[in-house]
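Below: one structure, written as structure tokens.
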Amino acid sequence: MLAALSSMALSFATLAIVDAKEQARSESGIASIYSFEGGPGTASGEKLNPEALTAAHRTLAFGTQVRVTNRNNGKSVVVTINDRGPFISGRVIDLTPAGARALGFSGLAPVVVEVMS
């Protein structure tokens with residue numbers, strides 16, 4: 001009986017850990033556009049390319065792919081994190097103009113960011 005209860009407690013603990021990880025893999029907030037012109041480089045060392053499907057995020061590892069979904073129109077795009085930012089409260093991701101076009105917005109948009117890899 002004790003072994004069964006212990007196993008059941010472990011199962012519940014495992015479920016809690018998985019749920020916490022899943023929550024950490026998604027966030028909502030405001031997306032903005034940055035880098036209308038190519039520049040010297042990003043925080044990852046890559047050349048800044050406004051036509052690439054890349055983005056800046058404060059904490060995700062460089063090379064992480066995320067699906068960004070525009071909450072206003074349902075459009076989504078997968079971008080690769082290669083820079084740091086945004087540095088304005090309430091914003092969760094900075095997209096290149098190419099990423100913003102794919103989502104159908106200019107300026108700011110409410111989004112959901114989900115880690116793909």
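Scheme for the structure tokens: letters A, B, ... for chains in order shown; per-chain residue numbers from 1; ligand numbers from 1 in order shown.
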
Need to verify the contact set: A:Gly41, 12 Å, only C-alpha atoms, exclusion of same-chain residues closer than 4 positions in sequence. Can you return it as a compact mmCIF listing (two decimals) with C-alpha atoms, in the first residue's frame?
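What ended up in result29.txt:
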# COMPACT_ATOMS: atom_id res chain seq x y z
CA SER A 35 15.64 46.88 -37.28
CA GLU A 37 17.63 48.66 -41.72
CA GLY A 45 26.95 37.78 -33.63
CA GLU A 46 24.79 37.32 -36.73
CA LYS A 47 24.39 40.18 -39.19
CA LEU A 48 21.11 42.01 -38.68
CA ASN A 49 18.76 41.24 -41.59
CA PRO A 50 15.32 42.89 -41.64
CA ASN A 82 19.19 35.68 -32.49
CA ASP A 83 19.16 38.90 -30.46
CA ARG A 84 18.32 40.34 -27.04

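When atom CA of A:Leu108 is paired with atom CA of A:His57, their separation reads 15.3 Å.
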